[in-house]
>>> print(open('upload_21.cif').read())   # mmCIF, C-alpha atoms
data_entry
#
loop_
_atom_site.label_atom_id
_atom_site.label_comp_id
_atom_site.auth_asym_id
_atom_site.auth_seq_id
_atom_site.Cartn_x
_atom_site.Cartn_y
_atom_site.Cartn_z
CA MET A 1 4.35 -73.87 -46.98
CA GLY A 2 2.75 -72.75 -50.25
CA LEU A 3 1.95 -74.75 -53.35
CA ILE A 4 4.77 -75.34 -55.83
CA LYS A 5 2.79 -73.60 -58.57
CA ASP A 6 2.89 -70.40 -56.53
CA ILE A 7 6.58 -69.90 -57.36
CA TYR A 8 5.07 -68.33 -60.48
CA SER A 9 3.76 -65.34 -58.61
CA VAL A 10 3.17 -61.68 -59.51
CA ALA A 11 6.41 -60.79 -57.71
CA PHE A 12 8.37 -63.43 -59.64
CA TYR A 13 7.21 -62.19 -63.04
CA GLU A 14 7.74 -58.57 -62.01
CA ASN A 15 11.37 -59.26 -61.15
CA PHE A 16 11.91 -61.53 -64.14
CA THR A 17 10.54 -59.03 -66.67
CA ASN A 18 12.74 -56.29 -65.21
CA CYS A 19 15.75 -58.44 -66.07
CA VAL A 20 14.43 -59.35 -69.52
CA ALA A 21 13.80 -55.68 -70.33
CA LYS A 22 17.53 -55.00 -69.97
CA VAL A 23 18.34 -57.65 -72.58
CA ILE A 24 15.60 -57.54 -75.23
CA PRO A 25 15.27 -54.20 -77.08
CA ASP A 26 11.74 -52.82 -77.13
CA PHE A 27 10.54 -55.51 -74.73
CA ASP A 28 6.93 -54.76 -73.80
CA LYS A 29 6.80 -55.72 -70.16
CA GLN A 30 3.12 -54.95 -69.69
CA GLN A 31 2.09 -56.98 -72.71
CA PHE A 32 4.15 -59.92 -71.42
CA LEU A 33 2.43 -59.73 -68.02
CA ASN A 34 -1.00 -59.43 -69.63
CA LEU A 35 -0.35 -62.57 -71.66
CA ILE A 36 1.01 -64.47 -68.65
CA PHE A 37 -1.91 -63.62 -66.39
CA ASP A 38 -4.62 -64.76 -68.77
CA ALA A 39 -8.10 -65.75 -67.67
CA ASP A 40 -7.03 -69.33 -66.92
CA PHE A 41 -3.74 -68.64 -65.09
CA THR A 42 -5.07 -69.25 -61.58
CA ASN A 43 -6.38 -72.68 -62.64
CA LYS A 44 -3.07 -73.80 -64.08
CA GLU A 45 -0.90 -76.23 -62.09
CA TRP A 46 2.88 -75.89 -61.78
CA LYS A 47 3.87 -77.63 -65.01
CA GLU A 48 1.15 -75.85 -66.95
CA ARG A 49 2.35 -72.47 -65.66
CA MET A 50 5.93 -73.35 -66.54
CA GLN A 51 5.03 -74.38 -70.10
CA HIS A 52 2.74 -71.37 -70.43
CA THR A 53 5.71 -69.15 -69.55
CA THR A 54 7.78 -70.87 -72.25
CA VAL A 55 5.17 -70.13 -74.90
CA ILE A 56 4.72 -66.49 -73.86
CA LEU A 57 8.48 -65.87 -73.67
CA HIS A 58 8.85 -67.28 -77.18
CA GLN A 59 6.63 -64.50 -78.52
CA PHE A 60 9.20 -61.92 -77.41
CA MET A 61 12.33 -63.81 -78.53
CA PRO A 62 14.20 -63.62 -81.85
CA ALA A 63 12.68 -65.89 -84.48
CA ASP A 64 16.09 -67.40 -85.22
CA PHE A 65 16.70 -70.17 -82.67
CA GLY A 66 20.43 -69.52 -82.42
CA LYS A 67 19.80 -65.87 -81.60
CA ALA A 68 17.12 -66.88 -79.11
CA VAL A 69 19.65 -69.06 -77.29
CA LEU A 70 22.09 -66.13 -77.10
CA THR A 71 19.26 -64.03 -75.69
CA ILE A 72 18.55 -66.66 -73.02
CA GLU A 73 22.24 -66.68 -72.13
CA ASN A 74 22.19 -62.91 -71.70
CA ILE A 75 19.00 -63.06 -69.63
CA ILE A 76 20.61 -65.65 -67.34
CA GLU A 77 23.69 -63.49 -66.90
CA ASN A 78 21.48 -60.56 -66.00
CA LEU A 79 19.48 -62.70 -63.56
CA LYS A 80 22.72 -63.67 -61.83
CA LYS A 81 23.71 -60.02 -61.54
CA ASN A 82 20.35 -59.40 -59.87
CA LYS A 83 21.06 -62.16 -57.33
CA PHE A 84 18.79 -64.84 -58.73
CA THR A 85 20.41 -68.03 -57.50
CA ASP A 86 21.39 -71.11 -59.49
CA GLY A 87 18.91 -73.96 -59.25
CA ASN A 88 15.83 -71.75 -58.86
CA LEU A 89 13.12 -74.16 -60.02
CA ALA A 90 11.01 -71.38 -61.52
CA PHE A 91 13.53 -70.98 -64.35
CA ILE A 92 13.13 -74.51 -65.66
CA PHE A 93 11.20 -72.94 -68.54
CA PHE A 94 14.59 -72.07 -70.08
CA ALA A 95 15.27 -75.81 -70.47
CA ASP A 96 11.70 -76.32 -71.66
CA TYR A 97 12.29 -73.62 -74.29
CA ILE A 98 15.16 -75.64 -75.79
CA GLU A 99 13.12 -78.84 -75.71
CA LYS A 100 10.13 -77.18 -77.40
CA TYR A 101 11.78 -74.95 -79.98
CA GLY A 102 15.22 -76.51 -80.52
CA ILE A 103 14.41 -80.16 -81.20
CA ASP A 104 15.26 -79.74 -84.90
CA ASP A 105 18.56 -77.94 -84.24
CA PHE A 106 20.70 -80.51 -82.48
CA LYS A 107 24.05 -78.71 -82.41
CA THR A 108 22.69 -75.41 -81.11
CA SER A 109 20.51 -77.16 -78.54
CA ALA A 110 23.36 -79.33 -77.24
CA LYS A 111 25.46 -76.21 -76.61
CA ALA A 112 22.47 -74.49 -75.03
CA PHE A 113 22.00 -77.35 -72.57
CA VAL A 114 25.59 -76.99 -71.37
CA MET A 115 25.04 -73.29 -70.74
CA ILE A 116 21.56 -73.48 -69.20
CA THR A 117 22.13 -76.48 -66.92
CA GLN A 118 24.75 -74.47 -65.03
CA PHE A 119 21.86 -72.24 -63.97
CA ILE A 120 18.89 -74.63 -63.92
CA SER A 121 18.95 -78.37 -64.57
CA CYS A 122 18.02 -79.64 -68.04
CA GLU A 123 17.61 -83.30 -67.08
CA PHE A 124 14.02 -83.47 -68.37
CA ALA A 125 14.58 -81.45 -71.53
CA VAL A 126 17.44 -83.58 -72.91
CA ARG A 127 15.37 -86.74 -73.08
CA PRO A 128 13.48 -86.07 -76.33
CA PHE A 129 16.90 -85.43 -77.91
CA ILE A 130 18.19 -88.83 -76.74
CA ILE A 131 15.15 -90.42 -78.36
CA LYS A 132 15.46 -88.47 -81.63
CA TYR A 133 19.27 -88.41 -81.87
CA PRO A 134 20.32 -91.43 -79.76
CA GLN A 135 23.95 -91.84 -80.80
CA ASP A 136 24.74 -88.15 -81.31
CA MET A 137 23.16 -87.14 -78.00
CA ILE A 138 24.85 -89.88 -76.00
CA ASN A 139 28.19 -88.97 -77.57
CA GLU A 140 27.62 -85.39 -76.40
CA MET A 141 26.73 -86.59 -72.92
CA ILE A 142 29.88 -88.68 -72.70
CA LYS A 143 31.78 -85.43 -73.37
CA TRP A 144 29.69 -83.67 -70.71
CA SER A 145 30.74 -86.32 -68.19
CA LEU A 146 34.28 -84.89 -68.46
CA HIS A 147 33.22 -81.25 -68.21
CA GLU A 148 34.81 -78.99 -65.59
CA ASN A 149 31.42 -77.91 -64.20
CA HIS A 150 29.71 -80.39 -61.88
CA HIS A 151 26.23 -79.38 -63.06
CA VAL A 152 27.14 -80.40 -66.61
CA ARG A 153 28.68 -83.67 -65.41
CA ARG A 154 25.54 -84.43 -63.42
CA LEU A 155 23.37 -83.71 -66.45
CA ALA A 156 25.25 -86.43 -68.33
CA SER A 157 24.20 -88.99 -65.72
CA GLU A 158 20.81 -87.67 -64.61
CA GLY A 159 19.57 -86.89 -68.10
CA SER A 160 20.48 -90.35 -69.39
CA ARG A 161 18.60 -92.28 -66.69
CA SER A 162 16.33 -94.81 -68.35
CA ARG A 163 13.54 -94.31 -65.79
CA LEU A 164 13.97 -90.75 -64.52
CA PRO A 165 10.99 -90.04 -62.19
CA TRP A 166 8.35 -87.62 -63.52
CA ALA A 167 9.98 -87.75 -66.96
CA MET A 168 9.46 -89.72 -70.14
CA ALA A 169 11.18 -93.10 -70.06
CA ILE A 170 13.78 -93.96 -72.69
CA PRO A 171 12.73 -97.40 -74.02
CA ALA A 172 15.99 -98.05 -75.89
CA LEU A 173 18.05 -97.54 -72.71
CA LYS A 174 15.66 -99.70 -70.68
CA LYS A 175 16.29 -102.47 -73.18
CA ASP A 176 20.04 -101.90 -73.51
CA PRO A 177 21.83 -99.38 -71.26
CA THR A 178 25.33 -100.19 -72.52
CA PRO A 179 25.61 -96.96 -74.58
CA ILE A 180 25.54 -94.88 -71.38
CA LEU A 181 27.94 -97.02 -69.34
CA PRO A 182 30.95 -94.90 -70.43
CA ILE A 183 29.21 -91.92 -68.78
CA LEU A 184 28.94 -93.76 -65.48
CA GLU A 185 32.48 -95.07 -65.81
CA ASN A 186 33.78 -91.50 -66.19
CA LEU A 187 31.84 -90.34 -63.13
CA LYS A 188 32.39 -93.22 -60.70
CA THR A 189 35.08 -91.30 -58.80
CA ASP A 190 33.68 -87.80 -59.33
CA SER A 191 34.66 -85.22 -56.72
CA SER A 192 31.04 -84.05 -56.33
CA GLU A 193 28.61 -86.00 -54.15
CA TYR A 194 25.82 -84.37 -56.18
CA VAL A 195 27.18 -86.12 -59.28
CA ARG A 196 27.97 -89.43 -57.54
CA ARG A 197 24.41 -89.66 -56.18
CA SER A 198 23.09 -89.26 -59.72
CA VAL A 199 25.34 -92.12 -60.86
CA ALA A 200 23.88 -94.30 -58.10
CA ASN A 201 20.33 -93.40 -59.15
CA ASN A 202 21.19 -94.20 -62.76
CA LEU A 203 22.46 -97.63 -61.68
CA ASN A 204 19.28 -98.21 -59.68
CA ASP A 205 17.25 -97.48 -62.82
CA ILE A 206 19.32 -100.01 -64.78
CA VAL A 207 18.74 -102.63 -62.06
CA LYS A 208 15.02 -102.66 -62.79
CA ASP A 209 15.55 -103.93 -66.34
CA ASN A 210 19.10 -105.30 -66.44
CA PRO A 211 20.20 -106.38 -62.95
CA GLU A 212 23.11 -108.44 -64.25
CA ILE A 213 24.78 -105.30 -65.61
CA VAL A 214 24.74 -103.62 -62.21
CA LEU A 215 25.98 -106.78 -60.51
CA ASN A 216 28.93 -106.82 -62.90
CA ILE A 217 29.62 -103.15 -62.20
CA ALA A 218 29.43 -103.77 -58.45
CA ASN A 219 32.16 -106.42 -58.74
CA LYS A 220 34.24 -104.28 -61.08
CA TRP A 221 34.07 -101.10 -58.97
CA GLN A 222 34.40 -102.73 -55.56
CA ASN A 223 37.02 -101.12 -53.27
CA ILE A 224 38.06 -98.45 -55.78
CA SER A 225 37.29 -95.87 -53.12
CA PRO A 226 34.85 -95.40 -50.22
CA GLU A 227 32.89 -92.98 -52.41
CA THR A 228 32.59 -95.50 -55.24
CA ASP A 229 31.55 -98.20 -52.77
CA ALA A 230 28.79 -95.83 -51.61
CA ILE A 231 27.64 -95.41 -55.23
CA ILE A 232 27.40 -99.19 -55.63
CA LYS A 233 25.49 -99.60 -52.37
CA HIS A 234 22.95 -96.89 -53.17
CA GLY A 235 22.70 -98.05 -56.78
CA SER A 236 21.95 -101.60 -55.58
CA ARG A 237 19.19 -100.64 -53.16
CA THR A 238 16.42 -102.17 -55.27
CA LEU A 239 18.36 -105.45 -55.54
CA LEU A 240 18.86 -105.43 -51.77
CA LYS A 241 15.16 -104.82 -51.15
CA GLN A 242 14.36 -107.67 -53.53
CA GLY A 243 16.69 -109.96 -51.60
CA ASN A 244 18.72 -110.69 -54.74
CA PRO A 245 21.07 -113.53 -53.73
CA ASP A 246 24.00 -112.24 -55.81
CA ILE A 247 24.01 -108.78 -54.23
CA LEU A 248 23.51 -110.28 -50.77
CA LYS A 249 26.54 -112.49 -51.39
CA HIS A 250 28.47 -109.46 -52.67
CA TYR A 251 27.97 -107.76 -49.29
CA GLY A 252 28.37 -110.93 -47.22
CA LEU A 253 24.81 -110.73 -45.94
CA GLU A 254 23.87 -114.20 -44.71
CA SER A 255 20.89 -115.01 -42.51
CA THR A 256 22.27 -118.28 -41.09
CA ASN A 257 21.97 -118.37 -37.28
CA ILE A 258 20.36 -114.93 -37.10
CA GLN A 259 17.31 -115.84 -35.07
CA LEU A 260 14.00 -113.99 -35.07
CA SER A 261 11.72 -114.46 -32.06
CA GLU A 262 8.77 -112.88 -30.26
CA PHE A 263 7.52 -111.37 -33.51
CA GLU A 264 4.06 -109.93 -32.90
CA ILE A 265 1.72 -107.22 -34.08
CA ILE A 266 0.65 -105.02 -31.17
CA THR A 267 -2.21 -103.38 -33.07
CA PRO A 268 -3.94 -106.10 -35.15
CA LYS A 269 -6.68 -103.62 -36.08
CA VAL A 270 -5.53 -100.25 -37.43
CA LYS A 271 -7.69 -97.28 -38.32
CA ILE A 272 -6.79 -95.06 -41.25
CA GLY A 273 -4.86 -92.14 -39.79
CA GLU A 274 -3.26 -94.25 -37.06
CA TYR A 275 -0.19 -96.50 -36.76
CA LEU A 276 0.53 -100.19 -37.08
CA GLU A 277 2.73 -101.17 -34.13
CA PHE A 278 4.86 -104.31 -34.02
CA GLN A 279 7.85 -105.75 -32.19
CA PHE A 280 10.33 -108.63 -32.33
CA SER A 281 13.66 -109.84 -30.98
CA LEU A 282 16.81 -110.63 -32.94
CA ASN A 283 19.75 -112.75 -31.82
CA ASN A 284 23.07 -113.40 -33.57
CA THR A 285 23.88 -116.97 -32.50
CA ASN A 286 26.97 -117.14 -34.71
CA PRO A 287 30.37 -117.32 -32.96
CA GLU A 288 31.52 -114.23 -34.87
CA ASN A 289 30.30 -110.73 -35.66
CA LYS A 290 27.69 -110.56 -38.41
CA THR A 291 26.40 -107.66 -40.47
CA VAL A 292 22.62 -107.67 -40.40
CA ARG A 293 20.46 -105.79 -42.89
CA LEU A 294 17.10 -105.55 -41.23
CA GLU A 295 13.90 -104.66 -43.09
CA TYR A 296 10.18 -105.19 -42.85
CA ALA A 297 7.60 -105.65 -45.60
CA ILE A 298 4.03 -104.41 -45.67
CA TYR A 299 1.65 -106.25 -47.99
CA TYR A 300 -0.88 -103.55 -48.81
CA GLN A 301 -4.45 -104.36 -49.80
CA LYS A 302 -5.11 -103.02 -53.32
CA SER A 303 -8.31 -101.98 -55.05
CA LYS A 304 -8.65 -105.28 -56.96
CA GLY A 305 -8.31 -107.37 -53.81
CA HIS A 306 -4.69 -108.49 -54.17
CA LEU A 307 -1.80 -107.63 -51.86
CA ALA A 308 1.22 -105.61 -53.01
CA LYS A 309 4.53 -105.76 -51.15
CA LYS A 310 6.58 -102.73 -50.14
CA VAL A 311 9.86 -103.05 -48.22
CA PHE A 312 11.08 -100.59 -45.58
CA LYS A 313 14.59 -100.56 -44.15
CA ILE A 314 15.12 -100.58 -40.38
CA SER A 315 18.92 -100.71 -40.12
CA GLU A 316 22.12 -102.30 -41.34
CA ARG A 317 24.77 -102.79 -38.69
CA MET A 318 27.12 -105.24 -37.00
CA TYR A 319 25.79 -107.66 -34.38
CA GLN A 320 28.20 -109.26 -31.93
CA PRO A 321 28.05 -112.99 -31.06
CA ASN A 322 24.98 -113.81 -28.95
CA GLN A 323 23.82 -110.22 -29.08
CA LEU A 324 20.08 -110.13 -28.41
CA VAL A 325 18.21 -107.00 -29.46
CA LYS A 326 14.55 -106.15 -28.94
CA ILE A 327 13.05 -103.92 -31.61
CA LYS A 328 9.74 -102.05 -31.72
CA ARG A 329 8.53 -100.14 -34.76
CA ASN A 330 5.43 -98.47 -36.13
CA GLN A 331 4.17 -97.82 -39.64
CA SER A 332 1.96 -94.86 -40.40
CA PHE A 333 -1.40 -95.23 -42.09
CA LYS A 334 -1.99 -91.49 -42.21
CA VAL A 335 -3.51 -90.34 -45.49
CA ILE A 336 -0.87 -89.18 -47.99
CA THR A 337 -1.08 -88.12 -51.62
CA THR A 338 1.30 -90.84 -52.87
CA ARG A 339 -0.63 -93.85 -51.55
CA VAL A 340 -4.30 -94.81 -51.39
CA PHE A 341 -5.18 -97.09 -48.49
CA HIS A 342 -7.83 -99.80 -48.85
CA LEU A 343 -9.67 -101.39 -45.95
CA GLY A 344 -9.28 -105.08 -45.22
CA LYS A 345 -6.55 -107.61 -44.60
CA HIS A 346 -2.90 -106.57 -44.81
CA GLN A 347 0.23 -108.50 -43.90
CA LEU A 348 3.59 -107.84 -42.28
CA SER A 349 6.91 -109.67 -42.37
CA ILE A 350 10.47 -109.17 -41.09
CA ILE A 351 13.37 -109.54 -43.53
CA ILE A 352 16.82 -110.50 -42.25
CA ASN A 353 19.62 -110.28 -44.82
CA GLY A 354 17.12 -110.95 -47.57
CA THR A 355 15.39 -113.87 -45.85
CA GLU A 356 11.73 -113.20 -45.12
CA SER A 357 9.92 -114.37 -42.01
CA GLU A 358 6.43 -115.74 -41.67
CA LEU A 359 3.62 -113.34 -42.53
CA LEU A 360 1.40 -111.92 -39.81
CA ASP A 361 -2.04 -110.54 -40.63
CA PHE A 362 -3.52 -107.24 -39.54
CA GLU A 363 -6.65 -105.41 -40.58
CA LEU A 364 -7.10 -101.84 -41.72
CA ILE A 365 -10.51 -100.63 -40.58
#
>>> encode(input="upload_21.cif", output="structure tokens")
Amino acid sequence: MGLIKDIYSVAFYENFTNCVAKVIPDFDKQQFLNLIFDADFTNKEWKERMQHTTVILHQFMPADFGKAVLTIENIIENLKKNKFTDGNLAFIFFADYIEKYGIDDFKTSAKAFVMITQFISCEFAVRPFIIKYPQDMINEMIKWSLHENHHVRRLASEGSRSRLPWAMAIPALKKDPTPILPILENLKTDSSEYVRRSVANNLNDIVKDNPEIVLNIANKWQNISPETDAIIKHGSRTLLKQGNPDILKHYGLESTNIQLSEFEIITPKVKIGEYLEFQFSLNNTNPENKTVRLEYAIYYQKSKGHLAKKVFKISERMYQPNQLVKIKRNQSFKVITTRVFHLGKHQLSIIINGTESELLDFELI
């Protein structure tokens, strides 16, 4: 598997410029390629190559922004005719173009987002517009949430997330997300799972700053449909991992008479690159069936000497009366790019319906 930046290859630009040449009169393909493949191109990472493409494309576009948007629309239509598929990540520079050169033309940009997002998502590019034109942009996005195209409806939800990963946060929506609640309300029974999952992720963002709002929504939306129940569950995942008592009560997750025993760490010393192994037994001593959400927490050693907790889900299922289950799990300590491991004491716990067990120590060596 190649690097993500390599989607911007010689072959990609060759095919792309062939399509552009059919749209822009007097387009100088060779000059475009010369400018793209400058002396520093090979050192550029994915985002840098994408933004570099935006800047170079701009040099060949009409100076008038409205005409440039029409040109982009024509290029996209020509790309589709040449079997370039929707959602091709390489073309995110179209959205970046609107963000970079259309920020002072709200009306034209808003229309451009509707057109472009049906080819490549504009979820990152809309965010500066929400910050600069908060009420106008959110009003537009409420309209998008009723659009016939599911990509546009998803943009309404995904683009308005207060904490969209790898994107700028929207401080005003972190403080008060109520302006975007009509968007989520419109989409709570959407026919597209792609859209509904975005609604759930939006709710999970809101949880991190305003949990009471999501708890109210959970009660309000409960039992509307199986699909809406799934939105609530996925949107409440952070609350569930935190063991929030209100969300646990909402789902009837009680730890009374769910007994943990024989909890032990099999590998008390773990080398980087290997696995922590542990096991335990679980018994439902209640006289009736009980739903058990089972998780474990790793307390990772950090660079400043403190421990930081991360929760991992094992399962959530029904246990019959007096059902005894033995469980064995392992946790990888293989080197990954998203986590730095530090040697020393770590800890492990089991979490049953939000109730955490005693902590057991292990050492990373």
>>> atom_distance(input="upload_21.cif", atom1="CA of Asp96 (chain A)", atom2="CA of Ile336 (chain A)")
29.7 Å
>>> closest_atom_pairs(input="upload_21.cif", of="region 232-293 of chain A", to="region 181-200 of chain A", cutoff="10 Å", atoms="all atoms listed in the file", output="JSON lines")
{"residue": "A:Ile232", "atom": "CA", "partner": "A:Ala200", "partner_atom": "CA", "distance": 6.5}
{"residue": "A:Lys233", "atom": "CA", "partner": "A:Ala200", "partner_atom": "CA", "distance": 8.0}
{"residue": "A:His234", "atom": "CA", "partner": "A:Ala200", "partner_atom": "CA", "distance": 5.6}
{"residue": "A:Gly235", "atom": "CA", "partner": "A:Ala200", "partner_atom": "CA", "distance": 4.1}
{"residue": "A:Ser236", "atom": "CA", "partner": "A:Ala200", "partner_atom": "CA", "distance": 8.0}
{"residue": "A:Arg237", "atom": "CA", "partner": "A:Ala200", "partner_atom": "CA", "distance": 9.3}
>>> residues_near_point(input="upload_21.cif", point="(18.2, -101.2, -38.0)", cutoff="8 Å", atoms="all atoms listed in the file", output="PyMOL selection string")
chain A and resi 293-295+313-317
>>> resolve_selection(input="upload_21.cif", expression="the PyMOL selection byres ((chain A and resi 130) around 12)", output="number ranges by chain")
A: 99, 103, 106, 110, 123-129, 131-141, 156, 159-162, 168-173, 179-180
>>> closest_residue(input="upload_21.cif", among="A:Leu35, A:Leu360, A:Met115, A:Cys122", to="Leu155 (chain A)", atoms="all atoms listed in the file")
A:Cys122
>>> atom_distance(input="upload_21.cif", atom1="CA of Leu203 (chain A)", atom2="CA of Lys220 (chain A)")
13.5 Å
>>> axis_aligned_box(input="upload_21.cif", around="region 63-78 of chain A", padding_each_side="5 Å", output="lines of an AutoDock Vina configuration file")
center_x = 18.2
center_y = -65.4
center_z = -75.6
size_x = 21.0
size_y = 19.6
size_z = 29.2
>>> residues_around(input="upload_21.cif", residues="region 342-344 of chain A", least_positions_apart="2", cutoff="8 Å", atoms="only C-alpha atoms", output="ChimeraX atom specification")
/A:300-303,340,346,363-365
>>> closest_residue(input="upload_21.cif", among="A:Lys100, A:Lys269, A:Lys143, A:Arg154", to="His52 (chain A)", atoms="all atoms listed in the file")
A:Lys100
>>> residues_near_point(input="upload_21.cif", point="(5.5, -77.8, -68.5)", cutoff="12 Å", atoms="all atoms listed in the file", output="ChimeraX atom specification")
/A:5,44-55,89-97,99-100,124-125,166-167
